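Source file: entry_9.cif. Holds: mmCIF, C-alpha atoms; chains and numbers go by the auth columns.
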```
data_data
#
loop_
_atom_site.group_PDB
_atom_site.id
_atom_site.type_symbol
_atom_site.label_atom_id
_atom_site.label_comp_id
_atom_site.label_asym_id
_atom_site.label_seq_id
_atom_site.Cartn_x
_atom_site.Cartn_y
_atom_site.Cartn_z
_atom_site.B_iso_or_equiv
_atom_site.auth_seq_id
_atom_site.auth_asym_id
ATOM 1 C CA MET A 1 -32.372 -14.130 50.869 0.00 1 A
ATOM 2 C CA LEU A 2 -31.479 -12.896 54.383 0.00 2 A
ATOM 3 C CA GLU A 3 -28.833 -10.260 54.993 0.00 3 A
ATOM 4 C CA PHE A 4 -27.512 -8.456 58.055 0.00 4 A
ATOM 5 C CA ARG A 5 -25.831 -5.127 57.354 0.00 5 A
ATOM 6 C CA GLY A 6 -23.981 -3.804 60.380 0.00 6 A
ATOM 7 C CA VAL A 7 -26.761 -5.031 62.695 0.00 7 A
ATOM 8 C CA SER A 8 -26.210 -4.496 66.427 0.00 8 A
ATOM 9 C CA LYS A 9 -28.402 -4.648 69.508 0.00 9 A
ATOM 10 C CA ALA A 10 -28.020 -3.094 72.945 0.00 10 A
ATOM 11 C CA PHE A 11 -30.289 -3.298 75.984 0.00 11 A
ATOM 12 C CA ASN A 12 -30.013 -0.507 78.555 0.00 12 A
ATOM 13 C CA GLY A 13 -26.635 0.476 77.206 0.00 13 A
ATOM 14 C CA THR A 14 -25.235 -3.073 77.201 0.00 14 A
ATOM 15 C CA THR A 15 -24.369 -4.415 73.758 0.00 15 A
ATOM 16 C CA VAL A 16 -25.496 -8.018 73.250 0.00 16 A
ATOM 17 C CA VAL A 17 -24.926 -8.197 69.483 0.00 17 A
ATOM 18 C CA TRP A 18 -22.019 -6.260 68.021 0.00 18 A
ATOM 19 C CA PRO A 19 -22.223 -4.985 64.400 0.00 19 A
ATOM 20 C CA LEU A 20 -22.989 -8.060 62.331 0.00 20 A
ATOM 21 C CA ASP A 21 -22.496 -8.494 58.591 0.00 21 A
ATOM 22 C CA LEU A 22 -23.849 -11.795 57.331 0.00 22 A
ATOM 23 C CA VAL A 23 -25.491 -13.062 54.138 0.00 23 A
ATOM 24 C CA ILE A 24 -27.593 -16.255 54.193 0.00 24 A
ATOM 25 C CA GLU A 25 -28.412 -17.660 50.776 0.00 25 A
ATOM 26 C CA ARG A 26 -31.774 -19.029 49.682 0.00 26 A
ATOM 27 C CA GLY A 27 -32.179 -22.631 50.848 0.00 27 A
ATOM 28 C CA GLU A 28 -29.100 -22.533 53.089 0.00 28 A
ATOM 29 C CA VAL A 29 -29.173 -24.016 56.589 0.00 29 A
ATOM 30 C CA VAL A 30 -27.125 -21.813 58.915 0.00 30 A
ATOM 31 C CA VAL A 31 -26.593 -22.750 62.557 0.00 31 A
ATOM 32 C CA LEU A 32 -25.773 -20.095 65.156 0.00 32 A
ATOM 33 C CA LEU A 33 -23.727 -22.047 67.686 0.00 33 A
ATOM 34 C CA GLY A 34 -22.543 -20.849 71.060 0.00 34 A
ATOM 35 C CA PRO A 35 -23.109 -20.707 74.818 0.00 35 A
ATOM 36 C CA SER A 36 -26.040 -19.037 76.546 0.00 36 A
ATOM 37 C CA GLY A 37 -25.943 -15.252 76.458 0.00 37 A
ATOM 38 C CA CYS A 38 -23.846 -14.924 73.313 0.00 38 A
ATOM 39 C CA GLY A 39 -26.586 -13.157 71.291 0.00 39 A
ATOM 40 C CA LYS A 40 -27.966 -16.051 69.237 0.00 40 A
ATOM 41 C CA THR A 41 -31.608 -15.705 70.240 0.00 41 A
ATOM 42 C CA THR A 42 -31.492 -11.911 69.968 0.00 42 A
ATOM 43 C CA ILE A 43 -30.520 -12.257 66.302 0.00 43 A
ATOM 44 C CA LEU A 44 -33.557 -14.450 65.629 0.00 44 A
ATOM 45 C CA ARG A 45 -35.829 -12.067 67.521 0.00 45 A
ATOM 46 C CA MET A 46 -34.634 -9.149 65.383 0.00 46 A
ATOM 47 C CA VAL A 47 -35.399 -11.060 62.180 0.00 47 A
ATOM 48 C CA ALA A 48 -38.872 -11.890 63.525 0.00 48 A
ATOM 49 C CA GLY A 49 -39.484 -8.241 64.438 0.00 49 A
ATOM 50 C CA LEU A 50 -39.737 -8.941 68.170 0.00 50 A
ATOM 51 C CA ASP A 51 -36.691 -6.746 68.856 0.00 51 A
ATOM 52 C CA SER A 52 -35.504 -3.800 66.753 0.00 52 A
ATOM 53 C CA PRO A 53 -31.812 -3.400 65.853 0.00 53 A
ATOM 54 C CA THR A 54 -29.995 -0.602 67.646 0.00 54 A
ATOM 55 C CA SER A 55 -28.096 0.017 64.425 0.00 55 A
ATOM 56 C CA GLY A 56 -27.827 -1.467 60.959 0.00 56 A
ATOM 57 C CA GLN A 57 -30.350 -3.096 58.679 0.00 57 A
ATOM 58 C CA ILE A 58 -31.861 -6.545 58.166 0.00 58 A
ATOM 59 C CA VAL A 59 -32.883 -7.348 54.590 0.00 59 A
ATOM 60 C CA VAL A 60 -35.336 -10.127 53.727 0.00 60 A
ATOM 61 C CA ASP A 61 -35.640 -11.050 50.068 0.00 61 A
ATOM 62 C CA SER A 62 -34.100 -7.698 49.015 0.00 62 A
ATOM 63 C CA ILE A 63 -36.545 -5.695 51.202 0.00 63 A
ATOM 64 C CA PRO A 64 -35.150 -3.916 54.305 0.00 64 A
ATOM 65 C CA LEU A 65 -37.150 -4.641 57.449 0.00 65 A
ATOM 66 C CA SER A 66 -38.995 -1.658 58.902 0.00 66 A
ATOM 67 C CA HIS A 67 -42.286 -0.915 60.639 0.00 67 A
ATOM 68 C CA GLN A 68 -43.806 -0.507 57.180 0.00 68 A
ATOM 69 C CA THR A 69 -42.484 -3.788 55.711 0.00 69 A
ATOM 70 C CA MET A 70 -42.546 -6.049 58.780 0.00 70 A
ATOM 71 C CA ARG A 71 -46.128 -7.253 58.294 0.00 71 A
ATOM 72 C CA SER A 72 -45.481 -8.544 54.781 0.00 72 A
ATOM 73 C CA ALA A 73 -42.085 -9.934 55.792 0.00 73 A
ATOM 74 C CA ARG A 74 -43.638 -11.961 58.613 0.00 74 A
ATOM 75 C CA ARG A 75 -45.660 -13.868 56.027 0.00 75 A
ATOM 76 C CA LYS A 76 -42.353 -15.241 54.756 0.00 76 A
ATOM 77 C CA LEU A 77 -41.193 -16.331 58.226 0.00 77 A
ATOM 78 C CA GLY A 78 -41.854 -19.375 60.370 0.00 78 A
ATOM 79 C CA TYR A 79 -40.587 -19.146 63.948 0.00 79 A
ATOM 80 C CA VAL A 80 -40.194 -21.936 66.507 0.00 80 A
ATOM 81 C CA VAL A 81 -39.353 -20.414 69.897 0.00 81 A
ATOM 82 C CA GLN A 82 -37.735 -22.145 72.854 0.00 82 A
ATOM 83 C CA GLU A 83 -40.113 -24.559 74.587 0.00 83 A
ATOM 84 C CA GLY A 84 -42.483 -24.328 71.604 0.00 84 A
ATOM 85 C CA GLY A 85 -44.535 -21.282 72.646 0.00 85 A
ATOM 86 C CA LEU A 86 -47.878 -23.046 72.227 0.00 86 A
ATOM 87 C CA PHE A 87 -51.115 -21.529 73.559 0.00 87 A
ATOM 88 C CA PRO A 88 -52.093 -23.773 76.505 0.00 88 A
ATOM 89 C CA HIS A 89 -55.829 -22.994 76.253 0.00 89 A
ATOM 90 C CA LEU A 90 -56.024 -24.136 72.613 0.00 90 A
ATOM 91 C CA THR A 91 -56.011 -27.715 71.351 0.00 91 A
ATOM 92 C CA ALA A 92 -53.232 -28.895 69.065 0.00 92 A
ATOM 93 C CA ILE A 93 -55.333 -28.375 65.943 0.00 93 A
ATOM 94 C CA GLU A 94 -56.446 -24.926 67.135 0.00 94 A
ATOM 95 C CA ASN A 95 -52.818 -23.943 67.728 0.00 95 A
ATOM 96 C CA VAL A 96 -51.611 -24.912 64.269 0.00 96 A
ATOM 97 C CA THR A 97 -54.599 -23.576 62.331 0.00 97 A
ATOM 98 C CA LEU A 98 -54.834 -20.212 64.101 0.00 98 A
ATOM 99 C CA MET A 99 -52.850 -18.251 61.505 0.00 99 A
ATOM 100 C CA PRO A 100 -54.354 -19.769 58.338 0.00 100 A
ATOM 101 C CA THR A 101 -57.821 -19.176 59.810 0.00 101 A
ATOM 102 C CA HIS A 102 -56.851 -15.553 60.498 0.00 102 A
ATOM 103 C CA GLU A 103 -55.566 -15.295 56.921 0.00 103 A
ATOM 104 C CA GLY A 104 -58.923 -16.454 55.562 0.00 104 A
ATOM 105 C CA TRP A 105 -57.930 -19.870 54.252 0.00 105 A
ATOM 106 C CA SER A 106 -60.809 -22.141 53.287 0.00 106 A
ATOM 107 C CA ARG A 107 -61.533 -25.159 55.462 0.00 107 A
ATOM 108 C CA LYS A 108 -60.508 -27.513 52.653 0.00 108 A
ATOM 109 C CA LYS A 109 -57.185 -25.726 52.148 0.00 109 A
ATOM 110 C CA ILE A 110 -56.513 -25.854 55.901 0.00 110 A
ATOM 111 C CA ASN A 111 -57.387 -29.553 56.127 0.00 111 A
ATOM 112 C CA ASP A 112 -55.226 -30.416 53.105 0.00 112 A
ATOM 113 C CA ARG A 113 -52.235 -28.552 54.538 0.00 113 A
ATOM 114 C CA LEU A 114 -52.811 -30.060 57.979 0.00 114 A
ATOM 115 C CA ALA A 115 -52.783 -33.589 56.555 0.00 115 A
ATOM 116 C CA GLU A 116 -49.566 -32.802 54.673 0.00 116 A
ATOM 117 C CA LEU A 117 -47.837 -31.465 57.787 0.00 117 A
ATOM 118 C CA VAL A 118 -48.997 -34.326 60.021 0.00 118 A
ATOM 119 C CA GLN A 119 -47.302 -36.684 57.604 0.00 119 A
ATOM 120 C CA MET A 120 -44.208 -34.492 57.197 0.00 120 A
ATOM 121 C CA THR A 121 -43.567 -34.017 60.917 0.00 121 A
ATOM 122 C CA GLN A 122 -44.725 -37.491 62.014 0.00 122 A
ATOM 123 C CA PHE A 123 -47.219 -35.947 64.454 0.00 123 A
ATOM 124 C CA PRO A 124 -49.864 -38.471 65.629 0.00 124 A
ATOM 125 C CA GLU A 125 -53.336 -37.598 64.339 0.00 125 A
ATOM 126 C CA SER A 126 -54.778 -38.757 67.649 0.00 126 A
ATOM 127 C CA GLY A 127 -52.997 -35.857 69.325 0.00 127 A
ATOM 128 C CA LEU A 128 -54.711 -33.118 67.319 0.00 128 A
ATOM 129 C CA THR A 129 -57.634 -32.832 69.740 0.00 129 A
ATOM 130 C CA ARG A 130 -55.415 -32.727 72.837 0.00 130 A
ATOM 131 C CA TYR A 131 -54.147 -29.686 74.702 0.00 131 A
ATOM 132 C CA PRO A 132 -50.389 -28.991 74.867 0.00 132 A
ATOM 133 C CA ASN A 133 -50.108 -30.194 78.474 0.00 133 A
ATOM 134 C CA GLU A 134 -51.548 -33.532 77.340 0.00 134 A
ATOM 135 C CA LEU A 135 -48.768 -34.043 74.782 0.00 135 A
ATOM 136 C CA SER A 136 -45.219 -35.313 75.236 0.00 136 A
ATOM 137 C CA GLY A 137 -42.263 -32.961 74.830 0.00 137 A
ATOM 138 C CA GLY A 138 -41.469 -34.388 71.410 0.00 138 A
ATOM 139 C CA GLN A 139 -45.072 -34.038 70.282 0.00 139 A
ATOM 140 C CA ARG A 140 -45.158 -30.395 71.406 0.00 140 A
ATOM 141 C CA GLN A 141 -42.020 -29.680 69.390 0.00 141 A
ATOM 142 C CA ARG A 142 -43.504 -31.338 66.314 0.00 142 A
ATOM 143 C CA LEU A 143 -46.667 -29.303 66.810 0.00 143 A
ATOM 144 C CA SER A 144 -44.661 -26.078 67.058 0.00 144 A
ATOM 145 C CA LEU A 145 -42.878 -26.992 63.838 0.00 145 A
ATOM 146 C CA MET A 146 -46.206 -27.659 62.098 0.00 146 A
ATOM 147 C CA ARG A 147 -47.456 -24.251 63.187 0.00 147 A
ATOM 148 C CA ALA A 148 -44.309 -22.556 61.895 0.00 148 A
ATOM 149 C CA LEU A 149 -44.548 -24.368 58.545 0.00 149 A
ATOM 150 C CA PHE A 150 -48.280 -23.955 57.958 0.00 150 A
ATOM 151 C CA LEU A 151 -48.111 -20.817 55.781 0.00 151 A
ATOM 152 C CA ASN A 152 -45.262 -22.211 53.648 0.00 152 A
ATOM 153 C CA PRO A 153 -42.566 -19.825 54.947 0.00 153 A
ATOM 154 C CA GLN A 154 -39.521 -19.039 52.874 0.00 154 A
ATOM 155 C CA ILE A 155 -37.434 -18.570 56.033 0.00 155 A
ATOM 156 C CA LEU A 156 -37.582 -20.847 59.070 0.00 156 A
ATOM 157 C CA LEU A 157 -36.210 -19.586 62.407 0.00 157 A
ATOM 158 C CA LEU A 158 -35.591 -22.265 65.045 0.00 158 A
ATOM 159 C CA ASP A 159 -34.503 -21.343 68.570 0.00 159 A
ATOM 160 C CA GLU A 160 -33.141 -24.379 70.451 0.00 160 A
ATOM 161 C CA PRO A 161 -35.946 -26.510 68.981 0.00 161 A
ATOM 162 C CA LEU A 162 -34.724 -29.740 70.599 0.00 162 A
ATOM 163 C CA GLY A 163 -33.104 -28.377 73.730 0.00 163 A
ATOM 164 C CA ALA A 164 -35.384 -29.850 76.416 0.00 164 A
ATOM 165 C CA LEU A 165 -35.857 -33.345 74.970 0.00 165 A
ATOM 166 C CA ASP A 166 -34.355 -36.627 76.112 0.00 166 A
ATOM 167 C CA PRO A 167 -31.658 -38.119 73.814 0.00 167 A
ATOM 168 C CA LEU A 168 -33.818 -40.769 72.110 0.00 168 A
ATOM 169 C CA ILE A 169 -36.645 -38.364 71.222 0.00 169 A
ATOM 170 C CA ARG A 170 -34.094 -35.747 70.166 0.00 170 A
ATOM 171 C CA ALA A 171 -32.394 -38.176 67.767 0.00 171 A
ATOM 172 C CA GLY A 172 -35.699 -38.975 66.066 0.00 172 A
ATOM 173 C CA LEU A 173 -36.614 -35.318 65.725 0.00 173 A
ATOM 174 C CA GLN A 174 -33.178 -34.474 64.342 0.00 174 A
ATOM 175 C CA ARG A 175 -33.711 -37.028 61.589 0.00 175 A
ATOM 176 C CA ASP A 176 -37.204 -35.737 60.839 0.00 176 A
ATOM 177 C CA LEU A 177 -36.075 -32.100 60.848 0.00 177 A
ATOM 178 C CA ASN A 178 -33.465 -32.851 58.210 0.00 178 A
ATOM 179 C CA ASP A 179 -36.209 -34.389 56.069 0.00 179 A
ATOM 180 C CA VAL A 180 -38.380 -31.285 56.582 0.00 180 A
ATOM 181 C CA PHE A 181 -35.546 -28.981 55.531 0.00 181 A
ATOM 182 C CA GLU A 182 -35.003 -30.980 52.337 0.00 182 A
ATOM 183 C CA ARG A 183 -38.703 -31.166 51.468 0.00 183 A
ATOM 184 C CA THR A 184 -39.502 -27.502 52.059 0.00 184 A
ATOM 185 C CA GLY A 185 -36.342 -25.970 50.621 0.00 185 A
ATOM 186 C CA ALA A 186 -36.701 -23.162 53.170 0.00 186 A
ATOM 187 C CA THR A 187 -33.842 -20.954 54.251 0.00 187 A
ATOM 188 C CA VAL A 188 -33.125 -22.029 57.834 0.00 188 A
ATOM 189 C CA VAL A 189 -31.483 -20.216 60.740 0.00 189 A
ATOM 190 C CA LEU A 190 -31.165 -22.545 63.720 0.00 190 A
ATOM 191 C CA VAL A 191 -29.891 -21.574 67.168 0.00 191 A
ATOM 192 C CA THR A 192 -28.243 -24.171 69.383 0.00 192 A
ATOM 193 C CA HIS A 193 -25.508 -24.632 71.970 0.00 193 A
ATOM 194 C CA ASP A 194 -25.145 -28.299 70.973 0.00 194 A
ATOM 195 C CA LEU A 195 -22.145 -29.195 68.809 0.00 195 A
ATOM 196 C CA VAL A 196 -23.592 -32.483 67.531 0.00 196 A
ATOM 197 C CA GLU A 197 -26.854 -30.788 66.590 0.00 197 A
ATOM 198 C CA ALA A 198 -24.929 -28.201 64.577 0.00 198 A
ATOM 199 C CA GLY A 199 -23.120 -30.970 62.752 0.00 199 A
ATOM 200 C CA ARG A 200 -26.353 -32.760 61.856 0.00 200 A
ATOM 201 C CA PHE A 201 -28.059 -29.745 60.325 0.00 201 A
ATOM 202 C CA ALA A 202 -25.665 -27.065 59.140 0.00 202 A
ATOM 203 C CA ASP A 203 -24.514 -26.151 55.683 0.00 203 A
ATOM 204 C CA ARG A 204 -22.617 -23.439 57.555 0.00 204 A
ATOM 205 C CA VAL A 205 -21.887 -22.995 61.249 0.00 205 A
ATOM 206 C CA CYS A 206 -21.439 -19.547 62.793 0.00 206 A
ATOM 207 C CA VAL A 207 -19.789 -19.821 66.207 0.00 207 A
ATOM 208 C CA MET A 208 -20.757 -16.924 68.466 0.00 208 A
ATOM 209 C CA HIS A 209 -19.033 -15.513 71.533 0.00 209 A
ATOM 210 C CA ALA A 210 -19.959 -12.367 73.469 0.00 210 A
ATOM 211 C CA GLY A 211 -22.191 -10.998 70.721 0.00 211 A
ATOM 212 C CA ARG A 212 -19.850 -11.631 67.801 0.00 212 A
ATOM 213 C CA ILE A 213 -19.396 -14.346 65.193 0.00 213 A
ATOM 214 C CA VAL A 214 -15.848 -15.511 65.868 0.00 214 A
ATOM 215 C CA GLN A 215 -15.723 -18.252 63.215 0.00 215 A
ATOM 216 C CA GLN A 216 -17.945 -19.469 60.402 0.00 216 A
ATOM 217 C CA GLY A 217 -17.717 -22.206 57.836 0.00 217 A
ATOM 218 C CA PRO A 218 -18.436 -25.924 57.314 0.00 218 A
ATOM 219 C CA PHE A 219 -18.800 -27.967 60.485 0.00 219 A
ATOM 220 C CA ALA A 220 -15.620 -29.936 59.760 0.00 220 A
ATOM 221 C CA ASP A 221 -13.591 -26.727 59.657 0.00 221 A
ATOM 222 C CA ILE A 222 -14.897 -25.690 63.063 0.00 222 A
ATOM 223 C CA LEU A 223 -13.781 -29.025 64.490 0.00 223 A
ATOM 224 C CA ASP A 224 -10.446 -29.317 62.697 0.00 224 A
ATOM 225 C CA ASN A 225 -9.338 -25.674 62.528 0.00 225 A
ATOM 226 C CA PRO A 226 -10.718 -23.661 65.461 0.00 226 A
ATOM 227 C CA ALA A 227 -10.098 -19.957 64.894 0.00 227 A
ATOM 228 C CA ASP A 228 -9.123 -19.077 68.457 0.00 228 A
ATOM 229 C CA ASP A 229 -8.857 -20.341 72.013 0.00 229 A
ATOM 230 C CA PHE A 230 -12.567 -19.829 72.691 0.00 230 A
ATOM 231 C CA VAL A 231 -13.682 -21.980 69.736 0.00 231 A
ATOM 232 C CA ARG A 232 -11.125 -24.628 70.639 0.00 232 A
ATOM 233 C CA GLU A 233 -12.296 -24.727 74.255 0.00 233 A
ATOM 234 C CA PHE A 234 -15.973 -24.722 73.282 0.00 234 A
ATOM 235 C CA VAL A 235 -15.485 -27.668 70.909 0.00 235 A
ATOM 236 C CA ASN A 236 -13.260 -29.625 73.266 0.00 236 A
ATOM 237 C CA SER A 237 -15.570 -29.166 76.248 0.00 237 A
ATOM 238 C CA GLN A 238 -18.450 -30.824 74.403 0.00 238 A
ATOM 239 C CA VAL A 239 -16.299 -33.601 72.976 0.00 239 A
ATOM 240 C CA VAL A 240 -14.957 -34.389 76.453 0.00 240 A
ATOM 241 C CA THR A 241 -18.411 -34.237 78.043 0.00 241 A
ATOM 242 C CA ARG A 242 -19.911 -36.664 75.512 0.00 242 A
ATOM 243 C CA SER A 243 -16.935 -38.991 75.917 0.00 243 A
ATOM 244 C CA GLU A 244 -17.482 -39.075 79.674 0.00 244 A
ATOM 245 C CA GLU A 245 -21.231 -39.717 79.207 0.00 245 A
ATOM 246 C CA ARG A 246 -20.460 -42.868 77.225 0.00 246 A
ATOM 247 C CA ARG A 247 -18.371 -44.401 80.025 0.00 247 A
#
```
Once you've parsed the file, please lay out its structure as structure tokens.
Amino acid sequence: MLEFRGVSKAFNGTTVVWPLDLVIERGEVVVLLGPSGCGKTTILRMVAGLDSPTSGQIVVDSIPLSHQTMRSARRKLGYVVQEGGLFPHLTAIENVTLMPTHEGWSRKKINDRLAELVQMTQFPESGLTRYPNELSGGQRQRLSLMRALFLNPQILLLDEPLGALDPLIRAGLQRDLNDVFERTGATVVLVTHDLVEAGRFADRVCVMHAGRIVQQGPFADILDNPADDFVREFVNSQVVTRSEERR
């Protein structure tokens, strides 16, 4: 479904993603886990066509991404950026219906899909006429997810979707996101630095360090059999931190 063939990225001569070979199967939930600056977000941006690989090739549904194929490929993608990326001058309903309106959907089709997504994401209907700055952080994240899901994407890209939320709201959204993944059957690539979040979502975890995947596999393997000192330290630092928070 989604394949990286020797994909690298450099900015001004500095490599941020070293040659990456990775295959993500249809319907799989893959979490890119690692600290800030390790290349996670850059990988998502290359899939979305916001950055171009310095070398290598990204293949979506057997079609290599290029300037010629990117427009059609984007119709298969839903992308939730950090902090939601909502347009502040548009109401909630205007934000989520912008793309289907642009695509020429009928009003009935838009309303039917909107009702479905309100129910799926547990977004309050009363919030649809509000502007983003009038919504809570959790509501903005749900709205961003609705927007990403509106066109029924085959691939869902999520960049730290719960990063700025307080623990109680985050826990509720984690539960709802898992339900969304199951209901849509989309292929998911989720970026996070949070170990617990990776464990809640991932079929496969890819731990990244300095632009490379240094270990990948089931979450339990990452915990029980760290591949090197970096993975061991990364895991232990979060386990210790959460233990101290509970005191």
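Of the listed residues A:Glu125, A:Asp51, A:Glu160, A:Glu233, the one whose atoms come nearest to Gln141 of chain A is A:Glu160, with distances taken using all atoms listed in the file.
With only C-alpha atoms as the atoms that count, the residue of A:Gln139, A:Gln216, A:Thr91, A:Asn225 with the shortest distance to Gly34 of chain A is A:Gln216.
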Checklist line | Coordinates-based distance that separates atom CA of Glu83 of chain A from atom CA of Val96 of chain A (Å, one decimal) | finding: 15.5 Å
Note to self: Can you pull out the residues contacting Leu33 of chain A? Cut-off 6 Å, using all atoms listed in the file, and skip same-chain residues under 5 positions away; I want them as JSON, numbers by chain.
What the structure shows: {"A": [192, 193, 206, 207, 208]}
Check: Pick from A:Glu182, A:Glu134, A:Asp176, A:Asp224: nearest to Thr121 of chain A, with only C-alpha atoms counted?
Finding: A:Asp176
Centre, x/y/z edge lengths, axis-aligned box for segment 81-91 of chain A with 4 Å per side, as JSON:
```
{"center_x": -46.9, "center_y": -24.1, "center_z": 73.2, "size_x": 26.3, "size_y": 15.3, "size_z": 14.6}
```
Margin query: With the PyMOL selection byres ((chain A and resi 158) around 10) as the selection, what would be picked from this file? Answer as a PyMOL selection string, please.
Written below: chain A and resi 31+41+44+78-82+84+145+148+155-157+159-162+188-192
Would you mind listing what lies within 9 Å of Ile43 of chain A as a tab-separated table (two decimals) with C-alpha atoms, in the frame of the given file, with all atoms listed in the file counted and same-chain residues fewer than 2 positions away left out?
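And here is the file that came out, around.tsv:
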```
chain	number	residue	atom	x	y	z
A	7	VAL	CA	-26.76	-5.03	62.70
A	8	SER	CA	-26.21	-4.50	66.43
A	9	LYS	CA	-28.40	-4.65	69.51
A	17	VAL	CA	-24.93	-8.20	69.48
A	39	GLY	CA	-26.59	-13.16	71.29
A	40	LYS	CA	-27.97	-16.05	69.24
A	41	THR	CA	-31.61	-15.70	70.24
A	45	ARG	CA	-35.83	-12.07	67.52
A	46	MET	CA	-34.63	-9.15	65.38
A	47	VAL	CA	-35.40	-11.06	62.18
A	48	ALA	CA	-38.87	-11.89	63.52
A	51	ASP	CA	-36.69	-6.75	68.86
A	53	PRO	CA	-31.81	-3.40	65.85
```
Notebook entry, point to check: Hey, what comes out of the PyMOL selection byres ((chain A and resi 183) around 12) on this file? Could you write it as a ChimeraX atom specification?
Noted result: /A:27,116-117,119-121,149,152,176-182,184-187
What would the file look like if the residues just selected were written as a CSV table (one decimal), in the coordinates of the input with C-alpha atoms?
```csv
chain,number,residue,atom,x,y,z
A,27,GLY,CA,-32.2,-22.6,50.8
A,116,GLU,CA,-49.6,-32.8,54.7
A,117,LEU,CA,-47.8,-31.5,57.8
A,119,GLN,CA,-47.3,-36.7,57.6
A,120,MET,CA,-44.2,-34.5,57.2
A,121,THR,CA,-43.6,-34.0,60.9
A,149,LEU,CA,-44.5,-24.4,58.5
A,152,ASN,CA,-45.3,-22.2,53.6
A,176,ASP,CA,-37.2,-35.7,60.8
A,177,LEU,CA,-36.1,-32.1,60.8
A,178,ASN,CA,-33.5,-32.9,58.2
A,179,ASP,CA,-36.2,-34.4,56.1
A,180,VAL,CA,-38.4,-31.3,56.6
A,181,PHE,CA,-35.5,-29.0,55.5
A,182,GLU,CA,-35.0,-31.0,52.3
A,184,THR,CA,-39.5,-27.5,52.1
A,185,GLY,CA,-36.3,-26.0,50.6
A,186,ALA,CA,-36.7,-23.2,53.2
A,187,THR,CA,-33.8,-21.0,54.3
```
Next item on the list: Have a look at atom CA of Ala10 of chain A and atom CA of Val205 of chain A and let me know their distance in Å, one decimal.
Entry: 23.9 Å
Next item on the list: For the structure provided, state which residues fall under the PyMOL selection byres ((chain A and resi 58) around 8), and present them as an NGL selection string.
Entry: :A and (2-5 or 7 or 47 or 56-57 or 59-60 or 64-65)
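Polymer residues near (-52.9, -28.3, 57.0): counting all atoms listed in the file with a cut-off of 10 Å, they are Ile93, Val96, Thr97, Pro100, Arg107, Lys108, Lys109, Ile110, Asn111, Asp112, Arg113, Leu114, Ala115, Glu116, Leu117, Val118, Met146, Arg147, Leu149, Phe150 and Leu151 of chain A.
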10 Å contact set for Pro226 of chain A, all atoms listed in the file, chain neighbours under 3 positions out, as a compact mmCIF listing (two decimals) with C-alpha atoms, in the coordinates of the input:
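Contents of part.txt, as written:
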```txt
# COMPACT_ATOMS: atom_id res chain seq x y z
CA VAL A 207 -19.79 -19.82 66.21
CA VAL A 214 -15.85 -15.51 65.87
CA GLN A 215 -15.72 -18.25 63.22
CA GLN A 216 -17.94 -19.47 60.40
CA ALA A 220 -15.62 -29.94 59.76
CA ASP A 221 -13.59 -26.73 59.66
CA ILE A 222 -14.90 -25.69 63.06
CA LEU A 223 -13.78 -29.02 64.49
CA ASP A 229 -8.86 -20.34 72.01
CA PHE A 230 -12.57 -19.83 72.69
CA VAL A 231 -13.68 -21.98 69.74
CA ARG A 232 -11.12 -24.63 70.64
CA GLU A 233 -12.30 -24.73 74.26
CA PHE A 234 -15.97 -24.72 73.28
CA VAL A 235 -15.48 -27.67 70.91
```
Next item on the list: With only C-alpha atoms counted, which protein, DNA or RNA residues have an atom no more than 10 Å from (-30.4, -17.4, 47.9) in the file frame? Please answer as a list of chain:residue names.
Entry: A:Met1, A:Leu2, A:Val23, A:Ile24, A:Glu25, A:Arg26, A:Gly27, A:Glu28, A:Asp61, A:Thr187
Next item on the list: Tell me which of A:Leu168, A:Thr129, A:Gly49, A:Leu143 sits closest to Arg75 of chain A, counting all atoms listed in the file.
Entry: A:Gly49
Next item on the list: Kindly give the distance, in Å, that separates atom CA of Arg140 of chain A and atom CA of Gly85 of chain A, rounded to a single decimal.
Entry: 9.2 Å
Note to self: I'd like the neighbourhood of Arg204 of chain A as a PyMOL selection string, where a residue qualifies if any of its atoms comes within 6 Å (using all atoms listed in the file), though same-chain residues fewer than 5 positions away should be ignored.
What the structure shows: chain A and resi 30+217-218
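Among the candidates A:Val16, A:Arg200, A:Asp21, A:Gln154, the one nearest to Ser36 of chain A when counting all atoms listed in the file is A:Val16.
Considering all atoms listed in the file, the residue among A:Thr42, A:Leu22, A:Val29, A:Tyr131 positioned nearest to Phe201 of chain A is A:Val29.
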